[in-house]
Amino acid sequence: MAVDLLLGLQWGDEGKGKIVDVLTSKYNIIARFQGGPNAGHTLVFNGKKHVLHTIPSGIFHEDAINLVGNGVVIDPVIFKKELDKLTEQGVDYKKNLLISRKAHVILPTHRLLDAASETSKGKAKIGSTLKGIGPTYMDKTGRNGIRVGDLEMNDWKEKYRALANKHEAMIDFYNVDIQYDLDELEAEFFEGVEQLKTLQFIDSEEYVFQAQKAEKSILAEGAQGSLLDIDFGTYPFVTSSNTTAAGACTGLGIAPNKIGDVFGIFKAYTTRVGSGPFPTELFDEDGATMAKVGNEFGATTGRPRRCGWLDLVALKYACQVNGVTQLMMMKADVLSGFETLKVCTAYNYKGKTITHLPYNIEEENVSPIYSEMAGWKADLTSMSEASQLPKALNEYIDFLEKELEIPIKIVSVGPDRKQTIFR
């Protein structure tokens, strides 16, 4: 059976957690395929807000198996905190949470390396979440990493010590003032490892293969967004993994010909956390309104998100790279109240009008070309049927569908799982 993918089409924070939660009832297995605790997937139901960082967003559904795939990097300290919160909420995670043996482990010294590297860059910093993600993926590609399966081996602590010692030498090389108590950090880390070891470790690619063979329905859940992809994002202001559809193949061991639908999620406007180019960014009252109404603060870092109009050039690019078959538009309710909406449909790139994403979108090379549309005043948050949506919003959706040539199947009108309109 084909595996469906769900991923973000912008710079992350599109609302993937909510939609995975909404769709989970249709799937037997929810599988995270890349990233780590730099993700913040927010779910709201029964009047409560839940934030997940590494655990798949189907965990609150008793009948769904949740798999952390080989492409994910796991911080045992943060993972333990997530598990403890689930226990507080009465979630029996042990029966339906599986961990790939090939997933890499984030060490305390990976986080310290991240901080040292970012501090050393000064004004050129990339806006890292400082979760140790980059250094962990560097060890993975450098063939130094510690994997979950190593925790089952007798010599894993010796392997850990050798790598941690190497990291400390590297931290010294950066020659920046990073204060830390490694003994304290390690005590927390080893405690997290012990709790992690109470979970079921599996050979995930074999598990996924057998599940497909048994006709189990699988939804692969991405983290971050397509414009943060290490290859196809706005490099170097990107994450360290492949956030696009191809990442699901390498991050779960799925053959390319076994991919089914690709669900692409985007906000009705655009946001970005941290550094990096952002052609449609707003510095006026409209941008401030989006940030305030949309509660645009990072679920992981708490940092304010930069806001701007929808960028169709970048969105088309993300749809092409991922082979998106269905679109889901989030936060339509945030745009309620704007007299006029703008959508970027082309760029002025070094004096020429282009409609594709060029190699460099820094502001000295690119300026957005906008189309304007009428806004809407209606409060969308209590609407539950597509027929209730205001005319101007339907026109906005029709315009986007025509430009992108992909149907918008879901419109989100609020953070709660009930505030979801199927079209």
# chains A, B, ... in the order shown; residues from 1 in each chain; ligands from 1
call {"tool": "closest_atom_pairs", "arguments": {"of": "region 214-273 of chain A", "to": "region 355-362 of chain A", "cutoff": "10 Å", "atoms": "only C-alpha atoms", "output": "JSON lines"}}
result
{"residue": "A:Phe232", "atom": "CA", "partner": "A:Tyr359", "partner_atom": "CA", "distance": 9.6}
{"residue": "A:Gly233", "atom": "CA", "partner": "A:Tyr359", "partner_atom": "CA", "distance": 9.8}
{"residue": "A:Thr234", "atom": "CA", "partner": "A:Asn360", "partner_atom": "CA", "distance": 7.7}
{"residue": "A:Tyr235", "atom": "CA", "partner": "A:Asn360", "partner_atom": "CA", "distance": 8.9}
call {"tool": "residues_around", "arguments": {"residues": "Ala291 (chain A)", "least_positions_apart": "5", "cutoff": "10 Å", "atoms": "only C-alpha atoms", "output": "number ranges by chain"}}
result
A: 271, 285-286, 296-297, 304-308, 334
call {"tool": "closest_atom_pairs", "arguments": {"of": "region 173-264 of chain A", "to": "region 50-53 of chain A", "cutoff": "12 Å", "atoms": "only C-alpha atoms", "output": "CSV"}}
result
residue,atom,partner,partner_atom,distance
A:Gly222,CA,A:His53,CA,11.6
A:Ala223,CA,A:His53,CA,9.1
A:Gln224,CA,A:His53,CA,10.8
call {"tool": "write_last_selection", "arguments": {"atoms": "N, CA and C atoms", "output": "mmCIF file, in the first residue's frame"}}
result
data_model
loop_
_atom_site.group_PDB
_atom_site.id
_atom_site.type_symbol
_atom_site.label_atom_id
_atom_site.label_comp_id
_atom_site.auth_asym_id
_atom_site.auth_seq_id
_atom_site.Cartn_x
_atom_site.Cartn_y
_atom_site.Cartn_z
ATOM 1 N N GLY A 222 6.282 15.152 8.036
ATOM 2 C CA GLY A 222 7.502 15.949 7.948
ATOM 3 C C GLY A 222 7.556 17.011 9.029
ATOM 4 N N ALA A 223 8.765 17.547 9.232
ATOM 5 C CA ALA A 223 8.961 18.649 10.175
ATOM 6 C C ALA A 223 9.630 19.807 9.433
ATOM 7 N N GLN A 224 9.654 20.978 10.058
ATOM 8 C CA GLN A 224 10.143 22.200 9.405
ATOM 9 C C GLN A 224 9.375 22.455 8.104
#
call {"tool": "residues_around", "arguments": {"residues": "Glu403 (chain A)", "least_positions_apart": "2", "cutoff": "12 Å", "atoms": "only C-alpha atoms", "output": "list in words"}}
result
Asp311, Leu312, Val313, Leu315, Lys316, Tyr317, Cys319, Val343, Cys344, Thr345, Ala346, Thr355, Ser371, Tyr396, Ile397, Asp398, Phe399, Leu400, Glu401, Glu405, Ile406, Pro407 and Ile408 of chain A
call {"tool": "select_by_dssp", "arguments": {"residues": "region 267-336 of chain A", "states": "strand (DSSP E or B)", "output": "list in words"}}
result
Lys267, Thr270, Thr271, Arg272, Glu281, Phe297, Pro304, Arg306, Cys307, Gly308, Leu310, Asp311, Gln326, Leu327, Met328, Met329 and Met330 of chain A
call {"tool": "select_by_dssp", "arguments": {"residues": "region 215-404 of chain A", "states": "helix (DSSP H, G or I)", "output": "PyMOL selection string"}}
result
chain A and resi 226-228+245-252+256-258+285-293+312-322+332-335+386-388+391-404
call {"tool": "closest_residue", "arguments": {"among": "A:Gly58, A:Pro256, A:Gly8, A:Pro390", "to": "Leu23 (chain A)", "atoms": "only C-alpha atoms"}}
result
A:Gly58
call {"tool": "residues_around", "arguments": {"residues": "Ser57 (chain A)", "least_positions_apart": "4", "cutoff": "10 Å", "atoms": "only C-alpha atoms", "output": "ChimeraX atom specification"}}
result
/A:16-24,30-32,41-43,50-53,61,66,221
call {"tool": "residues_around", "arguments": {"residues": "region 136-138 of chain A", "least_positions_apart": "5", "cutoff": "12 Å", "atoms": "only C-alpha atoms", "output": "JSON, numbers by chain"}}
result
{"A": [34, 35, 36, 37, 70, 71, 72, 73, 74, 75, 103, 104, 105, 106, 107, 108, 109, 110, 111, 112, 113, 114, 130, 131, 143, 144, 145, 146, 147, 163, 164, 167, 230, 239, 240, 241, 242]}
call {"tool": "residues_around", "arguments": {"residues": "Ala2 (chain A)", "least_positions_apart": "5", "cutoff": "9 Å", "atoms": "only C-alpha atoms", "output": "PyMOL selection string"}}
result
chain A and resi 212+215+217-218+257-261
call {"tool": "atom_distance", "arguments": {"atom1": "CA of Gln200 (chain A)", "atom2": "CA of Ile65 (chain A)"}}
result
11.7 Å
call {"tool": "atom_distance", "arguments": {"atom1": "CA of Ala187 (chain A)", "atom2": "CA of Ala115 (chain A)"}}
result
19.8 Å
call {"tool": "closest_residue", "arguments": {"among": "A:Phe263, A:Phe237, A:Tyr269, A:Trp376", "to": "Lys125 (chain A)", "atoms": "only C-alpha atoms"}}
result
A:Phe237
call {"tool": "closest_residue", "arguments": {"among": "A:Lys80, A:Lys418, A:Lys94, A:Lys216", "to": "Glu194 (chain A)", "atoms": "only C-alpha atoms"}}
result
A:Lys80
call {"tool": "closest_residue", "arguments": {"among": "A:Val293, A:Ile354, A:Val324, A:Met383", "to": "Ser336 (chain A)", "atoms": "only C-alpha atoms"}}
result
A:Val293
call {"tool": "closest_residue", "arguments": {"among": "A:Glu339, A:Asp177, A:Asp284, A:Asp150", "to": "Ala392 (chain A)", "atoms": "only C-alpha atoms"}}
result
A:Glu339
call {"tool": "closest_residue", "arguments": {"among": "A:Leu227, A:Ile254, A:Leu185, A:Met1", "to": "Glu206 (chain A)", "atoms": "only C-alpha atoms"}}
result
A:Ile254
call {"tool": "atom_distance", "arguments": {"atom1": "CA of Met328 (chain A)", "atom2": "CA of Gln419 (chain A)"}}
result
13.1 Å
